[in-house]
Structures are given as structure tokens and as C-alpha cells.
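Peer 1: Here you go, this is model.pdb (PDB, C-alpha atoms).
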ATOM      1  CA  MET A   5    -114.601  92.577 -30.584
ATOM      2  CA  LYS A   6    -117.884  92.027 -32.369
ATOM      3  CA  PRO A   7    -118.037  89.033 -34.722
ATOM      4  CA  LEU A   8    -117.071  89.853 -38.284
ATOM      5  CA  VAL A   9    -119.462  89.219 -41.147
ATOM      6  CA  TRP A  10    -118.046  87.895 -44.381
ATOM      7  CA  ASN A  11    -117.737  91.229 -46.213
ATOM      8  CA  GLU A  12    -115.837  92.767 -43.278
ATOM      9  CA  LEU A  13    -113.189  90.074 -43.640
ATOM     10  CA  LYS A  14    -110.793  91.638 -46.130
ATOM     11  CA  GLY A  15    -107.383  93.161 -46.732
ATOM     12  CA  ASN A  16    -103.951  92.492 -45.304
ATOM     13  CA  TRP A  17    -103.855  90.269 -42.199
ATOM     14  CA  ALA A  18    -100.539  89.658 -40.475
ATOM     15  CA  PRO A  19     -99.582  86.411 -38.749
ATOM     16  CA  VAL A  20     -97.918  86.189 -35.363
ATOM     17  CA  LEU A  21     -94.595  84.291 -35.358
ATOM     18  CA  ILE A  22     -93.812  82.527 -32.104
ATOM     19  CA  PRO A  23     -90.368  83.465 -30.703
ATOM     20  CA  TRP A  24     -88.632  80.462 -29.184
ATOM     21  CA  LEU A  25     -85.863  80.411 -26.612
ATOM     22  CA  ASN A  26     -82.905  78.069 -26.983
ATOM     23  CA  ASP A  27     -84.576  75.512 -24.714
ATOM     24  CA  ASN A  28     -87.754  75.457 -26.872
ATOM     25  CA  ARG A  29     -89.810  77.537 -24.467
ATOM     26  CA  ILE A  30     -91.808  80.523 -25.742
ATOM     27  CA  ASP A  31     -90.275  83.957 -25.187
ATOM     28  CA  TYR A  32     -93.455  85.758 -24.155
ATOM     29  CA  SER A  33     -91.691  89.107 -23.774
ATOM     30  CA  ARG A  34     -90.651  89.122 -27.438
ATOM     31  CA  LEU A  35     -94.099  87.863 -28.393
ATOM     32  CA  ARG A  36     -95.698  90.896 -26.745
ATOM     33  CA  ASP A  37     -93.193  93.222 -28.429
ATOM     34  CA  GLN A  38     -94.041  91.718 -31.817
ATOM     35  CA  ILE A  39     -97.780  92.171 -31.302
ATOM     36  CA  ALA A  40     -97.247  95.805 -30.302
ATOM     37  CA  ILE A  41     -95.298  96.415 -33.538
ATOM     38  CA  LEU A  42     -98.029  94.758 -35.598
ATOM     39  CA  LEU A  43    -100.639  96.978 -33.988
ATOM     40  CA  GLU A  44     -98.556 100.069 -34.788
ATOM     41  CA  SER A  45     -98.117  98.938 -38.399
ATOM     42  CA  GLY A  46    -101.779  99.563 -39.211
ATOM     43  CA  VAL A  47    -102.482  96.142 -40.726
ATOM     44  CA  ASP A  48    -106.133  95.366 -41.384
ATOM     45  CA  GLY A  49    -106.037  92.512 -38.890
ATOM     46  CA  ILE A  50    -103.889  90.118 -36.887
ATOM     47  CA  TYR A  51    -104.270  86.377 -36.590
ATOM     48  CA  THR A  52    -102.517  83.659 -34.697
ATOM     49  CA  ASN A  53    -102.194  79.906 -34.522
ATOM     50  CA  GLY A  54    -101.962  79.350 -38.223
ATOM     51  CA  THR A  55     -99.029  77.503 -39.773
ATOM     52  CA  SER A  56     -96.683  80.450 -39.173
ATOM     53  CA  SER A  57     -97.525  80.273 -35.459
ATOM     54  CA  GLU A  58     -96.745  76.535 -35.434
ATOM     55  CA  PHE A  59    -100.180  75.624 -34.064
ATOM     56  CA  TYR A  60     -99.397  71.933 -34.450
ATOM     57  CA  ASN A  61     -96.438  72.169 -32.041
ATOM     58  CA  GLN A  62     -97.899  73.980 -29.025
ATOM     59  CA  THR A  63     -99.019  72.542 -25.719
ATOM     60  CA  GLU A  64    -102.567  73.342 -24.703
ATOM     61  CA  ASP A  65    -101.342  75.675 -21.947
ATOM     62  CA  GLU A  66     -99.203  77.522 -24.478
ATOM     63  CA  PHE A  67    -102.092  77.753 -26.913
ATOM     64  CA  ASP A  68    -104.290  79.258 -24.203
ATOM     65  CA  GLU A  69    -101.648  81.803 -23.168
ATOM     66  CA  ILE A  70    -100.904  82.896 -26.747
ATOM     67  CA  SER A  71    -104.612  83.315 -27.476
ATOM     68  CA  LEU A  72    -105.143  85.301 -24.278
ATOM     69  CA  ILE A  73    -102.257  87.682 -25.063
ATOM     70  CA  ILE A  74    -103.453  88.314 -28.628
ATOM     71  CA  ALA A  75    -107.029  88.916 -27.504
ATOM     72  CA  ASP A  76    -105.971  91.279 -24.725
ATOM     73  CA  TYR A  77    -103.772  93.430 -26.958
ATOM     74  CA  CYS A  78    -106.211  93.544 -29.873
ATOM     75  CA  ASN A  79    -109.350  94.132 -27.832
ATOM     76  CA  ARG A  80    -107.694  97.040 -26.006
ATOM     77  CA  ALA A  81    -106.464  98.507 -29.305
ATOM     78  CA  GLY A  82    -109.742  97.938 -31.153
ATOM     79  CA  LYS A  83    -107.913  95.893 -33.769
ATOM     80  CA  ALA A  84    -109.640  93.102 -35.685
ATOM     81  CA  PHE A  85    -108.172  89.711 -34.826
ATOM     82  CA  GLN A  86    -108.753  86.048 -35.488
ATOM     83  CA  LEU A  87    -107.760  83.100 -33.359
ATOM     84  CA  GLY A  88    -106.838  79.800 -34.963
ATOM     85  CA  VAL A  89    -108.037  76.727 -33.093
ATOM     86  CA  SER A  90    -106.518  74.355 -35.614
ATOM     87  CA  HIS A  91    -105.124  71.016 -34.503
ATOM     88  CA  PRO A  92    -104.494  67.717 -36.305
ATOM     89  CA  SER A  93    -107.048  66.186 -33.905
ATOM     90  CA  PRO A  94    -110.651  67.334 -34.437
ATOM     91  CA  TRP A  95    -111.443  66.736 -30.767
ATOM     92  CA  ALA A  96    -108.518  68.874 -29.618
ATOM     93  CA  SER A  97    -109.564  71.573 -32.094
ATOM     94  CA  LEU A  98    -113.100  71.572 -30.698
ATOM     95  CA  GLN A  99    -111.802  71.876 -27.136
ATOM     96  CA  ARG A 100    -109.532  74.747 -28.148
ATOM     97  CA  LEU A 101    -112.505  76.499 -29.696
ATOM     98  CA  ARG A 102    -114.625  76.126 -26.580
ATOM     99  CA  ARG A 103    -111.852  77.583 -24.443
ATOM    100  CA  ILE A 104    -111.164  80.672 -26.586
ATOM    101  CA  ALA A 105    -114.801  81.540 -27.336
ATOM    102  CA  PRO A 106    -114.999  83.984 -24.365
ATOM    103  CA  LEU A 107    -112.064  85.969 -25.812
ATOM    104  CA  GLN A 108    -114.385  87.368 -28.518
ATOM    105  CA  PRO A 109    -112.281  87.076 -31.685
ATOM    106  CA  GLY A 110    -113.672  88.500 -34.894
ATOM    107  CA  ALA A 111    -113.515  85.027 -36.457
ATOM    108  CA  VAL A 112    -112.110  81.585 -35.724
ATOM    109  CA  GLN A 113    -109.770  79.740 -38.077
ATOM    110  CA  ILE A 114    -110.006  75.958 -38.432
ATOM    111  CA  VAL A 115    -108.367  73.224 -40.478
ATOM    112  CA  LEU A 116    -109.883  69.928 -41.527
ATOM    113  CA  PRO A 117    -108.689  66.977 -39.421
ATOM    114  CA  ASP A 118    -105.323  65.905 -40.692
ATOM    115  CA  TRP A 119    -104.563  62.249 -40.046
ATOM    116  CA  PHE A 120    -107.131  60.838 -42.460
ATOM    117  CA  PRO A 121    -109.176  62.888 -44.971
ATOM    118  CA  LEU A 122    -112.856  63.407 -44.160
ATOM    119  CA  ASN A 123    -115.553  62.364 -46.591
ATOM    120  CA  ASP A 124    -118.371  64.798 -47.462
ATOM    121  CA  ASP A 125    -120.672  63.801 -44.600
ATOM    122  CA  GLU A 126    -117.846  63.928 -42.065
ATOM    123  CA  THR A 127    -116.730  67.327 -43.356
ATOM    124  CA  LEU A 128    -120.220  68.763 -42.940
ATOM    125  CA  ASP A 129    -120.542  67.243 -39.468
ATOM    126  CA  PHE A 130    -117.201  68.796 -38.489
ATOM    127  CA  PHE A 131    -118.289  72.238 -39.687
ATOM    128  CA  GLN A 132    -121.647  71.999 -37.937
ATOM    129  CA  ARG A 133    -120.145  71.022 -34.593
ATOM    130  CA  MET A 134    -117.464  73.720 -34.782
ATOM    131  CA  ALA A 135    -120.007  76.357 -35.819
ATOM    132  CA  GLU A 136    -122.222  75.450 -32.876
ATOM    133  CA  ALA A 137    -119.302  75.887 -30.469
ATOM    134  CA  ALA A 138    -118.175  79.160 -32.082
ATOM    135  CA  HIS A 139    -121.595  80.873 -32.218
ATOM    136  CA  PRO A 140    -122.016  83.810 -32.765
ATOM    137  CA  VAL A 141    -118.464  84.014 -34.196
ATOM    138  CA  GLY A 142    -117.934  82.890 -37.784
ATOM    139  CA  LEU A 143    -115.600  80.182 -39.075
ATOM    140  CA  VAL A 144    -112.748  80.597 -41.564
ATOM    141  CA  LEU A 145    -111.351  77.459 -43.166
ATOM    142  CA  TYR A 146    -107.586  77.357 -43.635
ATOM    143  CA  ASN A 147    -107.261  74.939 -46.552
ATOM    144  CA  PRO A 148    -103.835  75.277 -48.215
ATOM    145  CA  SER A 149    -102.599  73.247 -51.150
ATOM    146  CA  PHE A 150    -100.768  70.815 -48.845
ATOM    147  CA  ALA A 151    -103.916  69.891 -46.868
ATOM    148  CA  LYS A 152    -104.924  66.208 -46.971
ATOM    149  CA  ARG A 153    -108.208  67.267 -48.564
ATOM    150  CA  VAL A 154    -108.430  70.478 -50.572
ATOM    151  CA  LEU A 155    -112.021  71.639 -50.918
ATOM    152  CA  GLN A 156    -113.179  73.192 -54.179
ATOM    153  CA  PRO A 157    -115.394  76.271 -54.618
ATOM    154  CA  GLU A 158    -118.383  73.994 -55.189
ATOM    155  CA  ASP A 159    -117.689  72.354 -51.807
ATOM    156  CA  TRP A 160    -117.560  75.760 -50.110
ATOM    157  CA  ARG A 161    -120.975  76.613 -51.520
ATOM    158  CA  SER A 162    -122.492  73.349 -50.346
ATOM    159  CA  ILE A 163    -121.140  73.776 -46.814
ATOM    160  CA  HIS A 164    -122.068  77.465 -46.614
ATOM    161  CA  GLU A 165    -125.658  76.677 -47.586
ATOM    162  CA  GLN A 166    -125.927  74.403 -44.539
ATOM    163  CA  VAL A 167    -123.579  76.288 -42.188
ATOM    164  CA  PRO A 168    -124.172  80.028 -42.755
ATOM    165  CA  SER A 169    -121.599  80.990 -40.114
ATOM    166  CA  PHE A 170    -118.898  79.585 -42.391
ATOM    167  CA  ILE A 171    -117.756  83.000 -43.665
ATOM    168  CA  GLY A 172    -114.333  82.628 -45.254
ATOM    169  CA  VAL A 173    -111.554  80.490 -46.684
ATOM    170  CA  LYS A 174    -107.788  80.766 -46.867
ATOM    171  CA  VAL A 175    -106.622  78.892 -49.960
ATOM    172  CA  GLY A 176    -103.756  78.564 -52.406
ATOM    173  CA  GLY A 177    -105.558  80.283 -55.279
ATOM    174  CA  GLY A 178    -105.706  79.203 -58.897
ATOM    175  CA  GLY A 179    -106.024  80.269 -62.520
ATOM    176  CA  ASP A 180    -108.746  81.994 -64.472
ATOM    177  CA  ASP A 181    -111.115  79.015 -64.426
ATOM    178  CA  TRP A 182    -110.711  78.665 -60.669
ATOM    179  CA  TYR A 183    -111.560  82.348 -60.151
ATOM    180  CA  ARG A 184    -114.607  81.959 -62.396
ATOM    181  CA  ARG A 185    -115.821  79.140 -60.162
ATOM    182  CA  VAL A 186    -115.072  81.242 -57.087
ATOM    183  CA  ARG A 187    -117.235  84.076 -58.423
ATOM    184  CA  GLU A 188    -120.044  81.599 -59.083
ATOM    185  CA  CYS A 189    -119.803  79.619 -55.850
ATOM    186  CA  ALA A 190    -118.442  81.872 -53.103
ATOM    187  CA  ARG A 191    -121.327  84.270 -52.534
ATOM    188  CA  GLY A 192    -121.374  85.113 -48.854
ATOM    189  CA  LEU A 193    -117.779  83.940 -48.370
ATOM    190  CA  SER A 194    -114.562  85.932 -48.089
ATOM    191  CA  VAL A 195    -111.763  84.362 -50.133
ATOM    192  CA  PHE A 196    -108.173  84.914 -49.013
ATOM    193  CA  VAL A 197    -105.243  84.027 -51.248
ATOM    194  CA  PRO A 198    -101.454  83.968 -50.665
ATOM    195  CA  GLY A 199     -99.996  87.368 -49.890
ATOM    196  CA  HIS A 200     -97.712  87.496 -52.925
ATOM    197  CA  HIS A 201    -100.784  87.038 -55.174
ATOM    198  CA  LEU A 202    -102.985  89.604 -53.430
ATOM    199  CA  ALA A 203    -103.192  92.314 -56.111
ATOM    200  CA  SER A 204    -103.960  89.953 -58.995
ATOM    201  CA  GLY A 205    -106.262  87.995 -56.691
ATOM    202  CA  MET A 206    -108.271  91.043 -55.661
ATOM    203  CA  ARG A 207    -108.559  92.120 -59.276
ATOM    204  CA  ARG A 208    -110.178  88.755 -60.022
ATOM    205  CA  GLY A 209    -112.457  88.595 -56.996
ATOM    206  CA  ALA A 210    -110.442  87.659 -53.902
ATOM    207  CA  HIS A 211    -110.893  89.713 -50.746
ATOM    208  CA  GLY A 212    -107.582  89.582 -48.883
ATOM    209  CA  ALA A 213    -104.571  87.633 -47.685
ATOM    210  CA  TYR A 214    -103.315  86.051 -44.513
ATOM    211  CA  SER A 215    -100.073  87.395 -45.698
ATOM    212  CA  ASN A 216     -96.576  86.027 -46.082
ATOM    213  CA  VAL A 217     -95.724  89.464 -47.498
ATOM    214  CA  ALA A 218     -96.618  90.946 -44.104
ATOM    215  CA  CYS A 219     -93.893  88.700 -42.678
ATOM    216  CA  LEU A 220     -91.361  90.697 -44.715
ATOM    217  CA  ASN A 221     -92.716  94.063 -43.551
ATOM    218  CA  PRO A 222     -96.276  94.499 -42.216
ATOM    219  CA  SER A 223     -96.354  98.281 -42.728
ATOM    220  CA  ALA A 224     -95.189  98.031 -46.337
ATOM    221  CA  ALA A 225     -97.629  95.189 -47.007
ATOM    222  CA  GLN A 226    -100.426  97.414 -45.706
ATOM    223  CA  ARG A 227     -99.389 100.359 -47.887
ATOM    224  CA  TRP A 228     -99.363  98.014 -50.888
ATOM    225  CA  THR A 229    -102.829  96.721 -49.985
ATOM    226  CA  ASP A 230    -104.227 100.221 -49.524
ATOM    227  CA  GLY A 231    -102.796 101.203 -52.903
ATOM    228  CA  MET A 232    -104.797  98.486 -54.626
ATOM    229  CA  ARG A 233    -107.942 100.525 -53.979
ATOM    230  CA  THR A 234    -106.654 103.571 -55.859
ATOM    231  CA  ASP A 235    -103.921 102.422 -58.265
ATOM    232  CA  MET A 236    -104.210  98.767 -59.151
ATOM    233  CA  GLU A 237    -101.720  98.988 -62.013
ATOM    234  CA  SER A 238     -98.945 100.140 -59.678
ATOM    235  CA  ALA A 239     -99.947  97.453 -57.183
ATOM    236  CA  LEU A 240     -99.695  94.804 -59.895
ATOM    237  CA  GLU A 241     -96.262  96.063 -60.921
ATOM    238  CA  LEU A 242     -95.080  95.738 -57.315
ATOM    239  CA  GLU A 243     -96.645  92.274 -57.138
ATOM    240  CA  SER A 244     -94.575  91.206 -60.144
ATOM    241  CA  ARG A 245     -91.418  92.188 -58.254
ATOM    242  CA  ILE A 246     -92.610  90.522 -55.047
ATOM    243  CA  GLN A 247     -93.229  87.306 -56.972
ATOM    244  CA  ALA A 248     -89.832  87.537 -58.647
ATOM    245  CA  PHE A 249     -88.186  87.909 -55.242
ATOM    246  CA  MET A 250     -90.124  84.948 -53.852
ATOM    247  CA  ARG A 251     -89.304  82.817 -56.885
ATOM    248  CA  MET A 252     -85.572  83.576 -56.805
ATOM    249  CA  TYR A 253     -84.811  83.754 -53.088
ATOM    250  CA  ILE A 254     -87.578  82.133 -51.009
ATOM    251  CA  GLU A 255     -89.213  79.306 -52.948
ATOM    252  CA  PRO A 256     -85.925  77.403 -53.509
ATOM    253  CA  TRP A 257     -85.731  76.831 -49.756
ATOM    254  CA  ILE A 258     -89.094  75.037 -49.914
ATOM    255  CA  VAL A 259     -88.997  73.371 -53.342
ATOM    256  CA  ASP A 260     -85.314  72.454 -53.639
ATOM    257  CA  ARG A 261     -84.102  72.176 -50.054
ATOM    258  CA  GLY A 262     -87.151  70.788 -48.291
ATOM    259  CA  TYR A 263     -87.738  73.478 -45.681
ATOM    260  CA  SER A 264     -91.250  74.217 -44.454
ATOM    261  CA  HIS A 265     -93.447  77.180 -45.353
ATOM    262  CA  GLN A 266     -93.209  78.384 -41.758
ATOM    263  CA  ALA A 267     -89.411  78.375 -41.977
ATOM    264  CA  ALA A 268     -89.698  80.535 -45.101
ATOM    265  CA  ASP A 269     -92.060  82.958 -43.332
ATOM    266  CA  ARG A 270     -89.528  83.316 -40.529
ATOM    267  CA  LEU A 271     -86.773  83.927 -43.085
ATOM    268  CA  LEU A 272     -88.864  86.752 -44.551
ATOM    269  CA  ALA A 273     -89.207  88.352 -41.124
ATOM    270  CA  MET A 274     -85.461  88.157 -40.550
ATOM    271  CA  ILE A 275     -84.809  89.731 -43.961
ATOM    272  CA  GLY A 276     -87.260  92.531 -43.196
ATOM    273  CA  GLY A 277     -85.817  93.062 -39.728
ATOM    274  CA  TRP A 278     -88.955  94.739 -38.363
ATOM    275  CA  CYS A 279     -89.021  92.719 -35.148
ATOM    276  CA  ASP A 280     -86.698  90.692 -32.966
ATOM    277  CA  ILE A 281     -87.380  87.195 -34.233
ATOM    278  CA  SER A 282     -84.992  84.268 -34.125
ATOM    279  CA  PRO A 283     -84.695  81.828 -37.042
ATOM    280  CA  ALA A 284     -85.672  78.932 -34.801
ATOM    281  CA  LEU A 285     -88.707  76.771 -35.319
ATOM    282  CA  ARG A 286     -89.626  74.419 -32.508
ATOM    283  CA  TRP A 287     -88.034  70.990 -32.534
ATOM    284  CA  PRO A 288     -87.916  68.856 -34.661
ATOM    285  CA  TYR A 289     -88.450  71.250 -37.577
ATOM    286  CA  ARG A 290     -85.435  72.718 -39.345
ATOM    287  CA  SER A 291     -84.801  76.449 -39.455
ATOM    288  CA  ILE A 292     -83.109  78.457 -42.193
ATOM    289  CA  PRO A 293     -79.850  79.931 -40.822
ATOM    290  CA  ARG A 294     -79.831  83.616 -39.908
ATOM    291  CA  ASP A 295     -76.802  84.137 -42.184
ATOM    292  CA  GLU A 296     -79.059  83.467 -45.170
ATOM    293  CA  ALA A 297     -81.233  86.452 -44.251
ATOM    294  CA  ASP A 298     -78.133  88.650 -44.242
ATOM    295  CA  ARG A 299     -77.123  87.262 -47.641
ATOM    296  CA  ILE A 300     -80.548  87.784 -49.233
ATOM    297  CA  ARG A 301     -81.357  91.203 -47.716
ATOM    298  CA  PRO A 302     -79.377  93.283 -50.275
ATOM    299  CA  HIS A 303     -81.218  91.541 -53.110
ATOM    300  CA  ALA A 304     -84.530  92.256 -51.396
ATOM    301  CA  ARG A 305     -83.583  95.927 -51.076
ATOM    302  CA  ASP A 306     -82.783  96.102 -54.775
ATOM    303  CA  LEU A 307     -86.000  94.424 -55.911
ATOM    304  CA  LEU A 308     -88.345  95.796 -53.237
ATOM    305  CA  PRO A 309     -87.095  99.153 -51.944
ATOM    306  CA  GLU A 310     -90.669  99.935 -50.792
ATOM    307  CA  PHE A 311     -90.244  97.302 -48.077
ATOM    308  CA  PHE A 312     -87.155  98.912 -46.533
TER     309      PHE A 312
END
Starting from the file, lay out its structure as C-alpha cells.
Peer 2:
Amino acid sequence: MKPLVWNELKGNWAPVLIPWLNDNRIDYSRLRDQIAILLESGVDGIYTNGTSSEFYNQTEDEFDEISLIIADYCNRAGKAFQLGVSHPSPWASLQRLRRIAPLQPGAVQIVLPDWFPLNDDETLDFFQRMAEAAHPVGLVLYNPSFAKRVLQPEDWRSIHEQVPSFIGVKVGGGGDDWYRRVRECARGLSVFVPGHHLASGMRRGAHGAYSNVACLNPSAAQRWTDGMRTDMESALELESRIQAFMRMYIEPWIVDRGYSHQAADRLLAMIGGWCDISPALRWPYRSIPRDEADRIRPHARDLLPEFF
């Protein structure tokens, strides 16, 4: 596809969850089935090799195959897609980027190197080298709250001024003061917030979400997103119920029981039941038992009937 510019990067983007076999190999048949369902769901875009895709726990051959499958399906369908080239090693990330560049994603997602936080000069150098390798495709920084270094809106502006192909960020969001700084500093950048904050985020200036809500049901998440353009008050009311559901039934697995965000995303998909996905994360990460999805599903139906 043609490279996206910053103001084309918006809406509800669904992650790809990697289906694992019992021996920790990828089940490529189920992966293809999942992508086909996502394409049918009408989501604004699809992305892979973020945290939900367990980018940090793939071999390079697996990374290449996953990227190739996504690109093939999305290019044939005319669907916007992004490929993550993230890796804890900056050198490995750069090599991933060079290999997927011919697949023509709409944008490329990156993370800052993970083992030791970069200083300002190193951060700029990293962006410049990655932008050079990605050209003419733009860069999107995935910079969640658990990153070793969380950049601020003022940092985005400084980098964007020197690396114009830096077109977007995926971040944890913030309060009113944070959104004020975003409006002042993020000109020329698309700002994506967590899926369960999308309506309130868009009302305050965000552009979209790489969405955990799409993990629950991509079609319903898209209908909710589309509704924000015509009836924001109804969208905000649904957001309040989505957040209540997350607070009562999903966040305790992360905050109280120490499971990962990617385990929670997989739990959401099992609750929604829209694709054949196992609870398993790849070793050594713990997975939330499938029985918990069965236990929570009736509560989800009560709170969020639009998603069933």
C-alpha cells in the first residue's frame, strides 16, 4: 500500500494475536483465519508485532513469515496495515526494518531500545537511522507507560522537527494537562491512546487506538469508533461501561495477579469468542486460564451487550 501520512493514521486498529501450538510453534493456519476475520470486520487498520503479537519472543524467521502473511492479505484486500519491527535490540530492530521494507506497509512501528534507556542524542540518532531505512514509509513510536523511557509531548515535537517521517505515537494517555500539551506539541503527529479511552481521547484531540477493545470484538469496536463521528455522547456512555468492565474483570489480572498486558488481551479475545485463539502465550510467560474467560463472559454480556 502507499505510505500513510500522519492525518490518514486514525481510528480503530486491531492487533494480530499469535496462535501457539502446544509445542510453542506458531499455528499459521489459525493465524491466517484470524487475519481473514479481521479483514471482514471492517476495522480501520491491522497491525502486527506489537506487544499483543509478542514481538519480543519471535525468532527472526518467524518474524519474517508473520510480516509476509500480513502484508499479503492486506495488500490484496486493500486494507491499511502497519508492521512492527520492534525488538529489545536496536540493531535487530534495524535489520527487521530493512527486511520488511519491500512489503510496503502503511507505516512501521518501533520501540526505543529496551535494555538501557537512551539519552536525547541517542534517541534522535535512533530515529534518524530508522527513518532512513524506512523511507518513504513513516515511523510510529510505540511508547507505553511501562517503557524504560517514556517520551513527553515536548520530546515528540523536538524529534518530529528533525525527523519529519516520524508521523505517530502510541502512548498511555493522560489527563487534561497532558492533552493540552499534546495539542500544543503534536502538530503533524497522529496520537493513539488505549482502546478503552478512545472516545474521551478523540474528544480531547487523540486520533485513534491500537485497540485492546478490538481484542474483545473487532467489529463492535469499529461500530463504536464510527459512532464517535456522529454521536459522541452515546460513544462516551459506552466507553464508561467498557472502562467499568476493564476495571472489574481485566485489570485485576494485571495489577493484583501479575499477568502481562498481552495475557489480558488474549483473555479479551477468548471472552469475545470471535476467533479461534488459545489462551497460551509463548514460554516462559504465564497465560490466563481459558476457564476464566467462560466465567467472565456473562458479566461482559451484561455490561456490553453491543459486543455480543
Peer 1: My list of candidates is A:Ile300, A:Val197, A:Leu220, A:Ala267. Which is closest to A:Ala284 when distances are computed with all atoms listed in the file?
Peer 2: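 Nearest to A:Ala284: A:Ala267.
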Peer 1: Report as a count of residues only the residues that result from applying the PyMOL selection byres ((chain A and resi 55) around 10) to the structure here.
Peer 2: 21
Peer 1: List the residues matched by the PyMOL selection byres ((chain A and resi 121) around 6) in the displayed structure as a ChimeraX atom specification, ordered by chain and then by residue number.
Peer 2: /A:120,122,152-153
Peer 1: Could you work out how far atom CA of A:Leu193 lies from atom CA of A:Asp181, giving the answer in Å with one decimal?
Peer 2: 18.1 Å
Peer 1: When you look at stretch 246-262 of chain A with a cut-off of 9 Å (counting all atoms listed in the file), what residues show up, excluding the ones that are within fewer than 2 positions of it in the same chain? I need them as a list in words.
Peer 2: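 My reading of the contact set: His200, His201, Val217, Glu241, Leu242, Glu243, Ser244, Ser264, His265, Ala267, Ala268, Asp269, Leu271, Leu272, Ile292, Ile300, His303, Ala304, Leu307 and Leu308 of chain A.
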Peer 1: Restrict the selected residues to C-alpha atoms and save them as a short mmCIF file (atom, residue, chain, number, x, y, z; two decimals), in the frame of the given file.
Peer 2:
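Writing done, so here's part_5.cif:
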data_model
loop_
_atom_site.label_atom_id
_atom_site.label_comp_id
_atom_site.auth_asym_id
_atom_site.auth_seq_id
_atom_site.Cartn_x
_atom_site.Cartn_y
_atom_site.Cartn_z
CA HIS A 200 -97.71 87.50 -52.92
CA HIS A 201 -100.78 87.04 -55.17
CA VAL A 217 -95.72 89.46 -47.50
CA GLU A 241 -96.26 96.06 -60.92
CA LEU A 242 -95.08 95.74 -57.32
CA GLU A 243 -96.64 92.27 -57.14
CA SER A 244 -94.58 91.21 -60.14
CA SER A 264 -91.25 74.22 -44.45
CA HIS A 265 -93.45 77.18 -45.35
CA ALA A 267 -89.41 78.38 -41.98
CA ALA A 268 -89.70 80.54 -45.10
CA ASP A 269 -92.06 82.96 -43.33
CA LEU A 271 -86.77 83.93 -43.08
CA LEU A 272 -88.86 86.75 -44.55
CA ILE A 292 -83.11 78.46 -42.19
CA ILE A 300 -80.55 87.78 -49.23
CA HIS A 303 -81.22 91.54 -53.11
CA ALA A 304 -84.53 92.26 -51.40
CA LEU A 307 -86.00 94.42 -55.91
CA LEU A 308 -88.34 95.80 -53.24
#
Peer 1: Tell me which of A:Gly276, A:Arg185, A:Trp287, A:Gly178 sits closest to A:Gln62, counting all atoms listed in the file.
Peer 2: A:Trp287
Peer 1: Which centre and edge lengths in Å to one decimal define the box along x, y and z that fits every listed atom of stretch 116-129 of chain A plus 5 Å per side, as JSON?
Peer 2:
{"center_x": -112.6, "center_y": 65.4, "center_z": -43.4, "size_x": 26.1, "size_y": 19.1, "size_z": 18.0}
Peer 1: When the PyMOL selection byres ((chain A and resi 183) around 12) is applied to the file above, which residues end up in the set, as an MDAnalysis selection string?
Peer 2: chainID A and resid 156:158 175:182 184:190 195:197 204:211
Peer 1: Using the structure block above, produce a file of stretch 16-71 of chain A that contains C-alpha atoms, as a PDB file, in the first residue's frame.
Peer 2:
ATOM      1  CA  ASN A  16      -9.666   1.671  15.295  1.00  0.00           C
ATOM      2  CA  TRP A  17      -6.651  -0.549  14.532  1.00  0.00           C
ATOM      3  CA  ALA A  18      -6.764  -4.205  15.514  1.00  0.00           C
ATOM      4  CA  PRO A  19      -3.750  -6.215  16.660  1.00  0.00           C
ATOM      5  CA  VAL A  20      -2.917  -9.703  15.470  1.00  0.00           C
ATOM      6  CA  LEU A  21      -2.608 -12.295  18.268  1.00  0.00           C
ATOM      7  CA  ILE A  22      -0.188 -15.108  17.528  1.00  0.00           C
ATOM      8  CA  PRO A  23      -1.774 -18.574  17.949  1.00  0.00           C
ATOM      9  CA  TRP A  24       0.654 -21.022  19.514  1.00  0.00           C
ATOM     10  CA  LEU A  25       0.606 -24.797  19.349  1.00  0.00           C
ATOM     11  CA  ASN A  26       1.286 -26.888  22.438  1.00  0.00           C
ATOM     12  CA  ASP A  27       4.945 -27.247  21.456  1.00  0.00           C
ATOM     13  CA  ASN A  28       5.398 -23.441  21.191  1.00  0.00           C
ATOM     14  CA  ARG A  29       5.365 -23.379  17.404  1.00  0.00           C
ATOM     15  CA  ILE A  30       3.145 -20.894  15.550  1.00  0.00           C
ATOM     16  CA  ASP A  31      -0.120 -22.248  14.149  1.00  0.00           C
ATOM     17  CA  TYR A  32      -0.007 -20.451  10.806  1.00  0.00           C
ATOM     18  CA  SER A  33      -3.356 -21.867   9.688  1.00  0.00           C
ATOM     19  CA  ARG A  34      -5.169 -20.239  12.615  1.00  0.00           C
ATOM     20  CA  LEU A  35      -3.142 -17.079  12.075  1.00  0.00           C
ATOM     21  CA  ARG A  36      -4.440 -16.816   8.509  1.00  0.00           C
ATOM     22  CA  ASP A  37      -8.005 -17.480   9.682  1.00  0.00           C
ATOM     23  CA  GLN A  38      -7.707 -14.686  12.244  1.00  0.00           C
ATOM     24  CA  ILE A  39      -6.443 -12.193   9.668  1.00  0.00           C
ATOM     25  CA  ALA A  40      -9.319 -13.078   7.336  1.00  0.00           C
ATOM     26  CA  ILE A  41     -11.819 -12.385  10.149  1.00  0.00           C
ATOM     27  CA  LEU A  42     -10.157  -9.057  10.925  1.00  0.00           C
ATOM     28  CA  LEU A  43     -10.397  -8.048   7.284  1.00  0.00           C
ATOM     29  CA  GLU A  44     -14.102  -8.939   7.243  1.00  0.00           C
ATOM     30  CA  SER A  45     -14.701  -6.949  10.435  1.00  0.00           C
ATOM     31  CA  GLY A  46     -14.118  -3.632   8.669  1.00  0.00           C
ATOM     32  CA  VAL A  47     -11.551  -2.270  11.129  1.00  0.00           C
ATOM     33  CA  ASP A  48      -9.738   0.871  10.027  1.00  0.00           C
ATOM     34  CA  GLY A  49      -6.428  -0.979  10.003  1.00  0.00           C
ATOM     35  CA  ILE A  50      -4.485  -4.025  11.145  1.00  0.00           C
ATOM     36  CA  TYR A  51      -1.084  -4.112  12.774  1.00  0.00           C
ATOM     37  CA  THR A  52       1.241  -6.805  13.951  1.00  0.00           C
ATOM     38  CA  ASN A  53       4.333  -7.342  16.041  1.00  0.00           C
ATOM     39  CA  GLY A  54       3.298  -5.109  18.870  1.00  0.00           C
ATOM     40  CA  THR A  55       3.123  -6.383  22.443  1.00  0.00           C
ATOM     41  CA  SER A  56      -0.030  -8.399  21.711  1.00  0.00           C
ATOM     42  CA  SER A  57       1.861 -10.218  18.944  1.00  0.00           C
ATOM     43  CA  GLU A  58       4.707 -10.999  21.368  1.00  0.00           C
ATOM     44  CA  PHE A  59       7.323  -9.361  19.137  1.00  0.00           C
ATOM     45  CA  TYR A  60       9.971  -9.873  21.803  1.00  0.00           C
ATOM     46  CA  ASN A  61       9.547 -13.671  21.691  1.00  0.00           C
ATOM     47  CA  GLN A  62       9.743 -14.469  17.972  1.00  0.00           C
ATOM     48  CA  THR A  63      12.644 -15.870  16.005  1.00  0.00           C
ATOM     49  CA  GLU A  64      13.733 -13.833  13.017  1.00  0.00           C
ATOM     50  CA  ASP A  65      12.352 -16.455  10.619  1.00  0.00           C
ATOM     51  CA  GLU A  66       9.008 -16.311  12.404  1.00  0.00           C
ATOM     52  CA  PHE A  67       9.004 -12.526  12.319  1.00  0.00           C
ATOM     53  CA  ASP A  68       9.625 -12.585   8.570  1.00  0.00           C
ATOM     54  CA  GLU A  69       6.860 -15.130   7.931  1.00  0.00           C
ATOM     55  CA  ILE A  70       4.289 -13.283  10.062  1.00  0.00           C
ATOM     56  CA  SER A  71       5.095  -9.996   8.328  1.00  0.00           C
TER      57      SER A  71
END
